[in-house]
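Below is one structure, written out as structure tokens, with a few remarks after it.
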Amino acid sequence: MTRSNTRAIVLAAGRSTRFKTKKSKLLFNICGRTMVLYPIKVLEELGIPMTVVLGYQAEEVKQDIETANVPNVSYIIQEEQLGTGHAVACTQKTWDRDNILIMNGDLPLLTKDLIEKLIQEHQDKDATITFLTSLVIDPAGYGRVIQEDGKISIIEEKDCTPEQRFINCINAGIYLIKRDFLEKNISKLKRSTVSGELYLVDLVKMASDENHRVETISVPYDNVRGVNTLQELWGVEQIKRSEFIKLWMANGVRFELAQSIHIDIDVQIGAGSFIGTGVHLIGNTNVGEECSIGAFSILSNSVVGDNTTVHSHSVIQDSHIGSNVSVGPFARLRDNVTIGNDVEIGNFVEIKNTQIGDHARMKHLTYLGDAKLGKSVNVGAGTITCNYNGVEKHTTIIEDNAFIGSNNTLIAPVTVSTGAYTAGGSIITEDVPADSLAIGRAKQVNKIGYAKKLRDRFEKKTNNDNNNNDTCSPKNPENIITQEDVEFNFRGAVKSNDEYREEGF
Amino acid sequence: MTRSNTRAIVLAAGRSTRFKTKKSKLLFNICGRTMVLYPIKVLEELGIPMTVVLGYQAEEVKQDIETANVPNVSYIIQEEQLGTGHAVACTQKTWDRDNILIMNGDLPLLTKDLIEKLIQEHQDKDATITFLTSLVIDPAGYGRVIQEDGKISIIEEKDCTPEQRFINCINAGIYLIKRDFLEKNISKLKRSTVSGELYLVDLVKMASDENHRVETISVPYDNVRGVNTLQELWGVEQIKRSEFIKLWMANGVRFELAQSIHIDIDVQIGAGSFIGTGVHLIGNTNVGEECSIGAFSILSNSVVGDNTTVHSHSVIQDSHIGSNVSVGPFARLRDNVTIGNDVEIGNFVEIKNTQIGDHARMKHLTYLGDAKLGKSVNVGAGTITCNYNGVEKHTTIIEDNAFIGSNNTLIAPVTVSTGAYTAGGSIITEDVPADSLAIGRAKQVNKIGYAKKLRDRFEKKTNNDNNNNDTCSPKNPENIITQEDVEFNFRGAVKSNDEYREEGF
Amino acid sequence: MTRSNTRAIVLAAGRSTRFKTKKSKLLFNICGRTMVLYPIKVLEELGIPMTVVLGYQAEEVKQDIETANVPNVSYIIQEEQLGTGHAVACTQKTWDRDNILIMNGDLPLLTKDLIEKLIQEHQDKDATITFLTSLVIDPAGYGRVIQEDGKISIIEEKDCTPEQRFINCINAGIYLIKRDFLEKNISKLKRSTVSGELYLVDLVKMASDENHRVETISVPYDNVRGVNTLQELWGVEQIKRSEFIKLWMANGVRFELAQSIHIDIDVQIGAGSFIGTGVHLIGNTNVGEECSIGAFSILSNSVVGDNTTVHSHSVIQDSHIGSNVSVGPFARLRDNVTIGNDVEIGNFVEIKNTQIGDHARMKHLTYLGDAKLGKSVNVGAGTITCNYNGVEKHTTIIEDNAFIGSNNTLIAPVTVSTGAYTAGGSIITEDVPADSLAIGRAKQVNKIGYAKKLRDRFEKKTNNDNNNNDTCSPKNPENIITQEDVEFNFRGAVKSNDEYREEGF
């Protein structure tokens with residue numbers, strides 16, 4: 001196989017002005033992978049060493065590739081953007097194989113099979129240049145492939161005559177060229193009189209004119225779609241996303257409104273699982289078997305055990321959930337949450353950087369941050385861990401079988417030990433020993449008839465004001481009392497203990 | 001009409017291996033009804049008694065049908081899965097009518113009209129066998145219908161020659177056969193040399209060869225789509241869903257992004273209502289007239305009165321909401337909530353197993369469980385009912401015109417009687433008499449200048465640490481103070497009353 | 001240009017019975033604008049004065065147009081709905097220009113270019129009548145345009161013969177007619193023998209028969225789609241929405257699942273921004289550059305500064321958010337919230353009618369209503385402002401650098417001054433002076449071993465009950481203790497201080 005005798009040049013220097021974004025188009029994420037990494041991953045899989053030509057946002061593109069740990073990558077900076085011919089010329093010192101595979105960086109739908117086929121044909125026919133073409137309905141934006149009188153050439157769109165623009169056989173931007181030919185001819189490219197650029201594609205005409213063997217392989221357009229606008233990016237992502245959906249459907253995953261679901265390339269889903277409308281499975285998310293992920297939930301870089309239900313409208317990031325767990329709806333887990341098996345996490349619950357043991361329950365309006373919960377812990381509705389004092393984060397520890405009453409405030413660092421209870425409404429500032437009961441709340445007092453008294457006084461006052469102020473509508477009491485001279489307050493419903501005292505309480 | 005002289009055999013025994021799921025494909029829910037129930041409901045509507053052949057997950061399929069209360073259903077277990085011919089043979093003892101209507105269990109788009117037409121044609125032409133065919137673009141997976149030299153036969157795909165596979169007239173899997181013919185010939189079926197199965201479709205060739213009258217009716221593919229993969233299930237559900245959407249559109253319901261909305265078969269929606277993007281109306285949900293259901297809300301087995309608005313991102317299960325009510329966004333109602341008219345329920349509010357009277361309001365961050373609220377009750381933000389002590393659930397009663405202050409904790413069983421008030425931040429452990437004011441909170445104390453003192457001390461300490469530890473960056477104070485020797489805490493912001501005491505407080 | 005010599009008549013009187021809604025179809029909102037305003041805005045842009053014929057819901061339609069501040073609009077009420085000819089006749093007193101442009105009110109996809117072209121052609125050819133036609137696949141519902149023997153006429157669908165119904169050249173409902181001709185002939189229209197209505201389109205036949213010049217311009221159907229059913233409304237909205245999506249894509253905005261996103265006509269989005277699945281950008285919403293609006297968020301009449309992230313599942317109404325802000329997920333801002341720069345607003349947070357300074361943080365389960373927060377304020381998790389006492393709304397003021405501890409209750413009117421702290425779990429009823437610490441909570445007491453004692457007693461009781469009552473299953477303790485004679489309670493987990501006292505606490 002010529003494969004081992006091939007080096008690739010990936011053209012990743014362009015400005016992508018039609019994107020209208022500061023960020024290079026090559027750095028846009030498509031289903032969990034930046035655009036530039038798609039062709040590079042194909043080359044990696046084939047074991048082909050590559051030279052990446054950088055230019056616009058060179059540092060960012062380089063860093064993106066390096067983060068992906070692709071081996072055998074060299075980088076060349078193209079300082080001036082003088083066209084594809086110039087870009088390839090810049091890489092000459094890296095041409096260490098007999099065949100040079102040149103491709104654009106914006107080919108996110110490229111497959112390994114296509115490149116293998118290209119290499120095979122190139123080798124079988126002993127061609128000087130072999131390149132991929134495609135027949136398309138709308139060729140706008142692509143170089144046109146012209147074959148006449150046994151000769152072949154590619155005209156870049158900018159240089160096309162109006163008639164040539166109607167040609168719908170396009171150049172896909174993937175070429176395999178013998179190094180010898182490339183070395184002899186790369187310096188012969190001339191600047192386009194239209195754009196002033198050096199066009200790599202002019203090598204095709206040169207080779208053809210000199211009767212070198214030039215081969216083309218026509219491939220499906222969907223595999224070689226380039227991406228020059230955000231609308232084209234959308235189209236490519238649609239295709240990519242549907243590939244993943246079909247793959248997982250074939251593996252026993254049911255999708256509700258499949259066309260609305262976002263699945264990244266590295267996601268795994270077990271058979272028998274259900275994925276609801278609009279769900280996002282992002283990054284390295286791994287969903288077990290027989291799970292249900294409810295509509296509008298977003299899971300990112302998280303693991304979900306078997307038979308677990310994530311109800312709708314939940315957001316789970318960087319977390320690890322066990323089996324037979326119920327989460328949500330309206331739950332948010334983030335920043336390294338680890339949850340055991342048979343746990344119930346309810347609605348309006350946020351959990352951050354916390355470990356939770358098996359059979360624990362926290363079902364309503366709760367915030368747990370920087371906490372460690374043992375097994376069979378119950379956390380009452382409305383419980384808040386105070387893990388932050390404006391400067392530091394502290395840990396809350398709740399041991400096995402502890403029961404935290406509703407609407408508790410747990411001021412960390414604090415430990416509620418095994419089997420301890422806390423009374424509803426308590427503020428827990430001190431450790432609670434095992435099997436003990438902690439109470440940290442005020443005693444209730446009922447002031448008999450006082451609500452009526454307040455109401456009567458308020459109404460009397462309102463009536464007086466009305467008599468004094470004819471412009472005030474009695475239908476709109478708010479206007480009457482939002483003045484500075486209101487003589488008492490029963491806000492929320494009562495202001496302070498001092499007031500009760502004044503009232504003889 | 002032959003209808004009264006017809007018994008149906010529904011073939012529901014198959015393993016559906018291409019689904020790759022443990023659960024039988026026949027038990028998958030399509031718009032609120034399991035797949036197997038669709039043809040069965042058509043037969044029920046036509047008053048045709050039926051025999052269901054069970055095999056894979058026989059118990060689950062049987063239970064599913066029994067739950068739907070379909071009358072006149074007999075069940076036969078096919079112990080070994082030896083093909084459709086064998087399946088029908090197993091049912092012989094139930095053949096109590098002159099015509100036997102045989103159909104696959106995976107025909108969720110079948111209509112009553114099609115079966116009526118089949119019966120009519122069969123009768124009019126006095127046919128021995130009449131069966132449904134369809135012309136399709138991609139016949140893969142279906143038996144092919146072959147008509148030549150005046151003879152007709154069906155070849156199962158497994159047994160097709162490569163040429164036969166190109167035939168695009170398919171067998172839809174719905175046959176009406178005279179009982180006499182069936183009785184004489186069912187035992188003559190021979191095992192396929194390819195698959196080893198007994199094919200029911202071989203009866204067609206037998207009848208045709210013996211010059212019995214065999215009729216076909218060509219019907220639209222969309223009505224007889226079989227479902228053998230999860231992708232085919234998706235396709236069928238798309239068709240079903242769009243039927244319901246179009247039906248309700250024609251009845252005066254506006255859908256925002258109609259293609260994103262999920263409506264089950266038993267849902268009702270009143271004219272003038274608006275249904276937002278992604279809304280799920282599940283089960284027996286009934287939405288009144290002139291309602292608005294906001295985007296991303298999910299209503300399941302619930303009733304919504306006229307002129308009611310359910311704002312976006314709400315989840316409502318098994319509940320009954322009155323008229324002129326406003327719910328959400330981000331509200332969750334579940335497990336038998338009943339709400340009167342003119343009620344306002346706001347965001348991050350969970351209500352469970354609770355009755356709420358007219359004109360009540362609970363607008364923010366509240367959990368009401370196992371409660372009974374009278375008319376014109378106001379529940380302040382952050383209020384929590386403590387209905388659960390780890391063992392039992394208790395009831396909270398809030399009577400007419402009571403006003404619950406913000407951030408209250410109501411420890412059930414407890415009653416706040418008519419016209420009573422509770423002060424903001426109270427923990428209510430005792431009943432509050434009518435027209436009384438309950439206060440259950442601590443008095444505030446301001447420690448003048450103490451915040452600055454804490455801050456200064458903290459800064460001093462931080463500076464000292466910096467002097468002692470050159471590796472610590474002064475830009476990252478968190479690194480400095482997250483050590484065990486911090487000499488005081490002002491977490492959340494202050495640890496305990498003891499600390500204040502030490503400070504001379 | 002004849003434009004200045006043209007008056008338009010907009011036919012907006014119809015009942016739109018096929019909508020099946022009380023509300024006139026003309027008042028339905030399509031991407032942020034009512035249907036009737038689309039053609040009116042085109043006329044406004046062209047500077048053409050117009051007469052709007054009102055009938056069904058005349059007052060509502062008139063008010064809708066007036067709210068849009070369109071100049072040069074006269075209104076005529078068509079009391080009886082006797083057809084388009086009658087509607088136009090009603091407007092005769094307003095015919096103050098030489099040419100009368102008559103159009104239906106339900107043309108939401110009409111463009112300025114089309115009307116300019118109509119006027120130009122009418123003028124260039126000195127036509128008596130010029131009208132727009134379109135070739136369509138399914139002409140159902142439209143008048144058919146018949147040209148034969150050099151004559152031209154329009155037959156309304158109701159009056160079509162079965163053969164005429166197959167004609168697929170339709171009348172688009174937009175006519176430019178010389179006033180002279182109109183004045184002479186409008187009174188000659190005769191009632192249809194089929195419907196009893198006066199048809200405006202009969203003028204075409206009259207003009208043609210009298211050898212006046214009648215011109216047609218064939219235009220794309222998508223620009224002249226009428227809307228007579230809610231399904232047609234859906235189709236039109238699909239087209240409109242995709243126009244806006246493509247526009248913003250071309251301007252550097254990335255849409256995730258573009259087909260799921262709702263953008264109104266007056267929305268602005270900066271380059272480099274990302275708009276997630278299902279996002280709604282409503283009304284005058286303005287999103288800055290390099291922003292990210294997470295999936296399922298809804299922004300209405302709000303401004304978002306540059307580099308701001310609105311996380312998923314957030315609902316933002318009538319608010320103004322600065323730059324470099326992080327909001328959500330699950331945040332709700334409403335009713336005039338103003339947020340500075342570099343602010344962090346977290347999950348399950350509701351903010352209403354509140355101003356927030358730069359660098360402030362409120363990240364968890366919080367309600368702020370009618371508040372003013374300074375710079376660098378930190379609001380702890382679970383904090384609630386009590387701004388409402390059942391009658392009035394009061395203001396909470398939190399000054400620069402103040403730190404509100406977790407689970408606080410702030411009872412307005414109240415001020416926490418610069419640099420002040422409040423302890424976790426406090427109920428703040430009094431102003432907190434600058435740099436001071438406020439504490440308003442009870443002291444915690446641990447009752448050693450008491451939790452175990454309660455548990456033991458509970459278990460003992462349960463066992464006793466079991467002995468006494470054989471029908472009670474020991475596996476279901478809830479059945480045992482939900483009786484009135486339970487001798488003590490440890491609900492939530494403890495009832496009242498009195499109970500502890502009885503226990504010798």
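Letters for chains follow the order of the structure tokens (A, B, ...), residue numbers begin at 1 for each chain, and ligand numbers begin at 1 in the order shown.
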- Message: I'd like the neighbourhood of segment 387-389 of chain A as an MDAnalysis selection string, where a residue qualifies if any of its atoms comes within 10 Å (using only C-alpha atoms), though same-chain residues fewer than 2 positions away should be ignored.
- Response: (chainID A and resid 367:371 384:385 391:396 410:414) or (chainID B and resid 489:494) or (chainID C and resid 378 380:381 403:406 423:424)
- When the cut-off is 7 Å and we count only C-alpha atoms, which residues of chain A are near chain B, given as an MDAnalysis selection string? chainID A and resid 249:252 254 271:272 348 381:382 386 388:389 391:392 406:407 411:412 425 429 441:452 492:494 497
- Item | Residue list (helix (DSSP H, G or I), DSSP) for segment 66-232 of chain C, as a ChimeraX atom specification | /C:66-67,84-90,92-94,112-124,157-159,164-166,179-188,202-209,221-224,230-232
- Message: List the spatial neighbours of Asp113 of chain C as a list of chain:residue names - criterion: any atom at most 12 Å away, only C-alpha atoms, same-chain residues fewer than 4 positions off excluded.
- Response: C:Val42, C:Leu43, C:Glu45, C:Leu46, C:Leu109, C:Lys117, C:Leu118, C:Ile119, C:Gln120, C:Val219, C:Asn223
Test item: residues at most 12 Å from Ile282 of chain B, only C-alpha atoms, excluding those fewer than 3 positions along its chain, as a PDB file with N, CA and C atoms, in the first residue's frame:
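Listing of selection-v4.pdb after writing:
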```pdb
ATOM      1  N   ASN B  29     -44.129   2.421  22.681  1.00  0.00           N
ATOM      2  CA  ASN B  29     -45.183   3.422  22.667  1.00  0.00           C
ATOM      3  C   ASN B  29     -45.024   4.327  21.441  1.00  0.00           C
ATOM      4  N   ILE B  30     -46.095   4.482  20.702  1.00  0.00           N
ATOM      5  CA  ILE B  30     -46.116   5.421  19.580  1.00  0.00           C
ATOM      6  C   ILE B  30     -47.258   6.395  19.839  1.00  0.00           C
ATOM      7  N   CYS B  31     -46.931   7.624  20.177  1.00  0.00           N
ATOM      8  CA  CYS B  31     -47.950   8.657  20.414  1.00  0.00           C
ATOM      9  C   CYS B  31     -49.022   8.189  21.383  1.00  0.00           C
ATOM     10  N   GLY B  32     -48.594   7.558  22.463  1.00  0.00           N
ATOM     11  CA  GLY B  32     -49.543   7.256  23.531  1.00  0.00           C
ATOM     12  C   GLY B  32     -50.224   5.906  23.448  1.00  0.00           C
ATOM     13  N   ARG B  33     -49.775   5.054  22.546  1.00  0.00           N
ATOM     14  CA  ARG B  33     -50.382   3.726  22.420  1.00  0.00           C
ATOM     15  C   ARG B  33     -49.276   2.758  22.005  1.00  0.00           C
ATOM     16  N   ARG B 241     -47.604  11.454  14.361  1.00  0.00           N
ATOM     17  CA  ARG B 241     -47.592  12.750  15.038  1.00  0.00           C
ATOM     18  C   ARG B 241     -48.149  13.844  14.121  1.00  0.00           C
ATOM     19  N   ILE B 261     -43.517  19.222  18.106  1.00  0.00           N
ATOM     20  CA  ILE B 261     -44.488  19.028  19.197  1.00  0.00           C
ATOM     21  C   ILE B 261     -44.954  17.580  19.246  1.00  0.00           C
ATOM     22  N   HIS B 262     -45.103  17.085  20.462  1.00  0.00           N
ATOM     23  CA  HIS B 262     -45.511  15.698  20.684  1.00  0.00           C
ATOM     24  C   HIS B 262     -46.936  15.662  21.231  1.00  0.00           C
ATOM     25  N   ILE B 263     -47.827  15.030  20.488  1.00  0.00           N
ATOM     26  CA  ILE B 263     -49.224  14.921  20.932  1.00  0.00           C
ATOM     27  C   ILE B 263     -49.633  13.460  20.910  1.00  0.00           C
ATOM     28  N   ASP B 264     -50.169  12.984  22.016  1.00  0.00           N
ATOM     29  CA  ASP B 264     -50.622  11.607  22.060  1.00  0.00           C
ATOM     30  C   ASP B 264     -52.034  11.468  21.493  1.00  0.00           C
ATOM     31  N   ILE B 265     -52.380  10.233  21.221  1.00  0.00           N
ATOM     32  CA  ILE B 265     -53.624   9.944  20.494  1.00  0.00           C
ATOM     33  C   ILE B 265     -54.870  10.352  21.269  1.00  0.00           C
ATOM     34  N   ASP B 266     -54.818  10.322  22.601  1.00  0.00           N
ATOM     35  CA  ASP B 266     -56.029  10.612  23.380  1.00  0.00           C
ATOM     36  C   ASP B 266     -56.099  12.050  23.877  1.00  0.00           C
ATOM     37  N   VAL B 267     -55.214  12.907  23.404  1.00  0.00           N
ATOM     38  CA  VAL B 267     -55.184  14.300  23.845  1.00  0.00           C
ATOM     39  C   VAL B 267     -56.324  15.093  23.194  1.00  0.00           C
ATOM     40  N   GLN B 268     -56.857  16.064  23.938  1.00  0.00           N
ATOM     41  CA  GLN B 268     -57.866  16.998  23.423  1.00  0.00           C
ATOM     42  C   GLN B 268     -57.341  18.418  23.608  1.00  0.00           C
ATOM     43  N   ILE B 269     -57.591  19.283  22.614  1.00  0.00           N
ATOM     44  CA  ILE B 269     -57.152  20.683  22.716  1.00  0.00           C
ATOM     45  C   ILE B 269     -58.268  21.583  22.221  1.00  0.00           C
ATOM     46  N   VAL B 279     -43.450  21.339  23.021  1.00  0.00           N
ATOM     47  CA  VAL B 279     -44.394  20.916  24.074  1.00  0.00           C
ATOM     48  C   VAL B 279     -44.758  19.443  23.891  1.00  0.00           C
ATOM     49  N   THR B 285     -54.233  13.988  28.430  1.00  0.00           N
ATOM     50  CA  THR B 285     -54.221  15.433  28.686  1.00  0.00           C
ATOM     51  C   THR B 285     -55.304  16.143  27.886  1.00  0.00           C
ATOM     52  N   ASN B 286     -55.952  17.090  28.557  1.00  0.00           N
ATOM     53  CA  ASN B 286     -57.049  17.840  27.962  1.00  0.00           C
ATOM     54  C   ASN B 286     -56.808  19.326  28.217  1.00  0.00           C
ATOM     55  N   VAL B 287     -56.521  20.063  27.155  1.00  0.00           N
ATOM     56  CA  VAL B 287     -56.259  21.500  27.264  1.00  0.00           C
ATOM     57  C   VAL B 287     -57.506  22.247  26.801  1.00  0.00           C
ATOM     58  N   SER B 297     -42.732  22.830  27.659  1.00  0.00           N
ATOM     59  CA  SER B 297     -43.500  22.302  28.783  1.00  0.00           C
ATOM     60  C   SER B 297     -44.006  20.898  28.463  1.00  0.00           C
ATOM     61  N   ILE B 298     -44.200  20.123  29.524  1.00  0.00           N
ATOM     62  CA  ILE B 298     -44.617  18.730  29.382  1.00  0.00           C
ATOM     63  C   ILE B 298     -45.841  18.513  30.272  1.00  0.00           C
ATOM     64  N   LEU B 299     -46.956  18.169  29.663  1.00  0.00           N
ATOM     65  CA  LEU B 299     -48.184  17.913  30.415  1.00  0.00           C
ATOM     66  C   LEU B 299     -48.564  16.457  30.205  1.00  0.00           C
ATOM     67  N   SER B 300     -48.814  15.777  31.298  1.00  0.00           N
ATOM     68  CA  SER B 300     -49.103  14.359  31.209  1.00  0.00           C
ATOM     69  C   SER B 300     -50.344  14.041  32.027  1.00  0.00           C
ATOM     70  N   ASN B 301     -51.325  13.439  31.394  1.00  0.00           N
ATOM     71  CA  ASN B 301     -52.560  13.034  32.080  1.00  0.00           C
ATOM     72  C   ASN B 301     -53.116  14.139  32.960  1.00  0.00           C
ATOM     73  N   SER B 302     -53.208  15.325  32.407  1.00  0.00           N
ATOM     74  CA  SER B 302     -53.655  16.478  33.173  1.00  0.00           C
ATOM     75  C   SER B 302     -54.729  17.245  32.420  1.00  0.00           C
ATOM     76  N   VAL B 303     -55.501  18.009  33.179  1.00  0.00           N
ATOM     77  CA  VAL B 303     -56.574  18.814  32.609  1.00  0.00           C
ATOM     78  C   VAL B 303     -56.247  20.286  32.850  1.00  0.00           C
ATOM     79  N   VAL B 315     -43.569  21.329  34.046  1.00  0.00           N
ATOM     80  CA  VAL B 315     -43.814  19.889  33.968  1.00  0.00           C
ATOM     81  C   VAL B 315     -45.006  19.581  34.866  1.00  0.00           C
ATOM     82  N   ILE B 316     -46.068  19.100  34.263  1.00  0.00           N
ATOM     83  CA  ILE B 316     -47.334  18.920  34.979  1.00  0.00           C
ATOM     84  C   ILE B 316     -47.823  17.496  34.773  1.00  0.00           C
ATOM     85  N   GLN B 317     -47.964  16.779  35.876  1.00  0.00           N
ATOM     86  CA  GLN B 317     -48.353  15.379  35.787  1.00  0.00           C
ATOM     87  C   GLN B 317     -49.570  15.105  36.659  1.00  0.00           C
ATOM     88  N   ASP B 318     -50.535  14.388  36.132  1.00  0.00           N
ATOM     89  CA  ASP B 318     -51.653  13.886  36.926  1.00  0.00           C
ATOM     90  C   ASP B 318     -52.294  14.994  37.748  1.00  0.00           C
TER      91      ASP B 318
END
```
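In this model, the gap between atom CA of Trp248 of chain C and atom CA of Phe166 of chain A comes to 28.4 Å.
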When you look at Ile293 of chain C with a cut-off of 6 Å (counting only C-alpha atoms), what residues show up, excluding the ones that are within fewer than 5 positions of it in the same chain? I need them as a PDB file with N, CA and C atoms, in the first residue's frame.
```
ATOM      1  N   ILE C 275     -26.263  30.642  18.996  1.00  0.00           N
ATOM      2  CA  ILE C 275     -27.658  30.554  19.440  1.00  0.00           C
ATOM      3  C   ILE C 275     -28.021  29.067  19.486  1.00  0.00           C
ATOM      4  N   GLY C 276     -28.372  28.574  20.664  1.00  0.00           N
ATOM      5  CA  GLY C 276     -28.589  27.144  20.856  1.00  0.00           C
ATOM      6  C   GLY C 276     -29.953  26.651  20.384  1.00  0.00           C
ATOM      7  N   VAL C 310     -25.665  33.395  28.204  1.00  0.00           N
ATOM      8  CA  VAL C 310     -26.918  33.010  28.852  1.00  0.00           C
ATOM      9  C   VAL C 310     -26.978  31.489  28.722  1.00  0.00           C
TER      10      VAL C 310
END
```
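Atom CA of Asp456 of chain A is positioned 19.9 Å from atom CA of Lys375 of chain B.
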- Residues of segment 267-438 of chain C in strand (DSSP E or B) according to DSSP, as a ChimeraX atom specification? /C:268-269,274-275,280-282,286-287,292-293,298-300,303-304,309-310,315-317,319-321,326-327,331-334,337-339,344-352,355-356,361-369,371-373,378-379,384-386,388,393,396-398,403-404,409-411,414-416,421-422,427-428,432,437-438
- Which residues, written as a ChimeraX atom specification, have at least one atom at most 9 Å from segment 179-182 of chain A, with only C-alpha atoms counted and residues fewer than 3 positions away on the same chain left out? /A:95-100,128-129,185-187,203,207
Grab the residues selected above and save them as an mmCIF file, in the first residue's frame with N, CA and C atoms.
```
data_model
loop_
_atom_site.group_PDB
_atom_site.id
_atom_site.type_symbol
_atom_site.label_atom_id
_atom_site.label_comp_id
_atom_site.auth_asym_id
_atom_site.auth_seq_id
_atom_site.Cartn_x
_atom_site.Cartn_y
_atom_site.Cartn_z
ATOM 1 N N TRP A 95 8.605 17.236 2.724
ATOM 2 C CA TRP A 95 8.204 16.202 1.762
ATOM 3 C C TRP A 95 9.146 15.010 1.855
ATOM 4 N N ASP A 96 8.880 14.115 2.764
ATOM 5 C CA ASP A 96 9.795 13.008 3.021
ATOM 6 C C ASP A 96 9.276 11.683 2.490
ATOM 7 N N ARG A 97 8.183 11.704 1.736
ATOM 8 C CA ARG A 97 7.633 10.464 1.160
ATOM 9 C C ARG A 97 7.465 10.654 -0.340
ATOM 10 N N ASP A 98 7.226 9.534 -1.026
ATOM 11 C CA ASP A 98 7.166 9.593 -2.491
ATOM 12 C C ASP A 98 5.884 10.232 -3.009
ATOM 13 N N ASN A 99 4.846 10.195 -2.187
ATOM 14 C CA ASN A 99 3.584 10.776 -2.619
ATOM 15 C C ASN A 99 3.107 11.798 -1.605
ATOM 16 N N ILE A 100 2.605 12.875 -2.123
ATOM 17 C CA ILE A 100 2.131 13.944 -1.248
ATOM 18 C C ILE A 100 0.623 14.061 -1.429
ATOM 19 N N THR A 128 0.449 10.364 -11.897
ATOM 20 C CA THR A 128 1.243 11.475 -11.376
ATOM 21 C C THR A 128 0.401 12.302 -10.410
ATOM 22 N N ILE A 129 -0.821 12.570 -10.841
ATOM 23 C CA ILE A 129 -1.774 13.246 -9.960
ATOM 24 C C ILE A 129 -3.086 12.475 -9.998
ATOM 25 N N ASN A 185 7.710 21.091 -10.231
ATOM 26 C CA ASN A 185 6.754 22.044 -10.795
ATOM 27 C C ASN A 185 6.180 23.077 -9.835
ATOM 28 N N ILE A 186 6.344 22.855 -8.538
ATOM 29 C CA ILE A 186 5.680 23.766 -7.594
ATOM 30 C C ILE A 186 6.158 25.205 -7.775
ATOM 31 N N SER A 187 7.396 25.334 -8.177
ATOM 32 C CA SER A 187 7.943 26.689 -8.323
ATOM 33 C C SER A 187 7.557 27.317 -9.662
ATOM 34 N N LEU A 203 -1.334 22.902 -11.216
ATOM 35 C CA LEU A 203 -0.467 21.734 -11.419
ATOM 36 C C LEU A 203 -1.171 20.661 -12.251
ATOM 37 N N ALA A 207 0.469 19.032 -15.506
ATOM 38 C CA ALA A 207 0.714 17.595 -15.631
ATOM 39 C C ALA A 207 0.014 17.055 -16.866
#
```
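Excluding Thr133 of chain A itself and same-chain residues fewer than 3 positions from it, the residues having an atom within 8 Å of it are Val145, Cys169, Ile170, Asn171, Ala172, Thr216, Ile217, Ser218 and Val219 of chain A, counting only C-alpha atoms.
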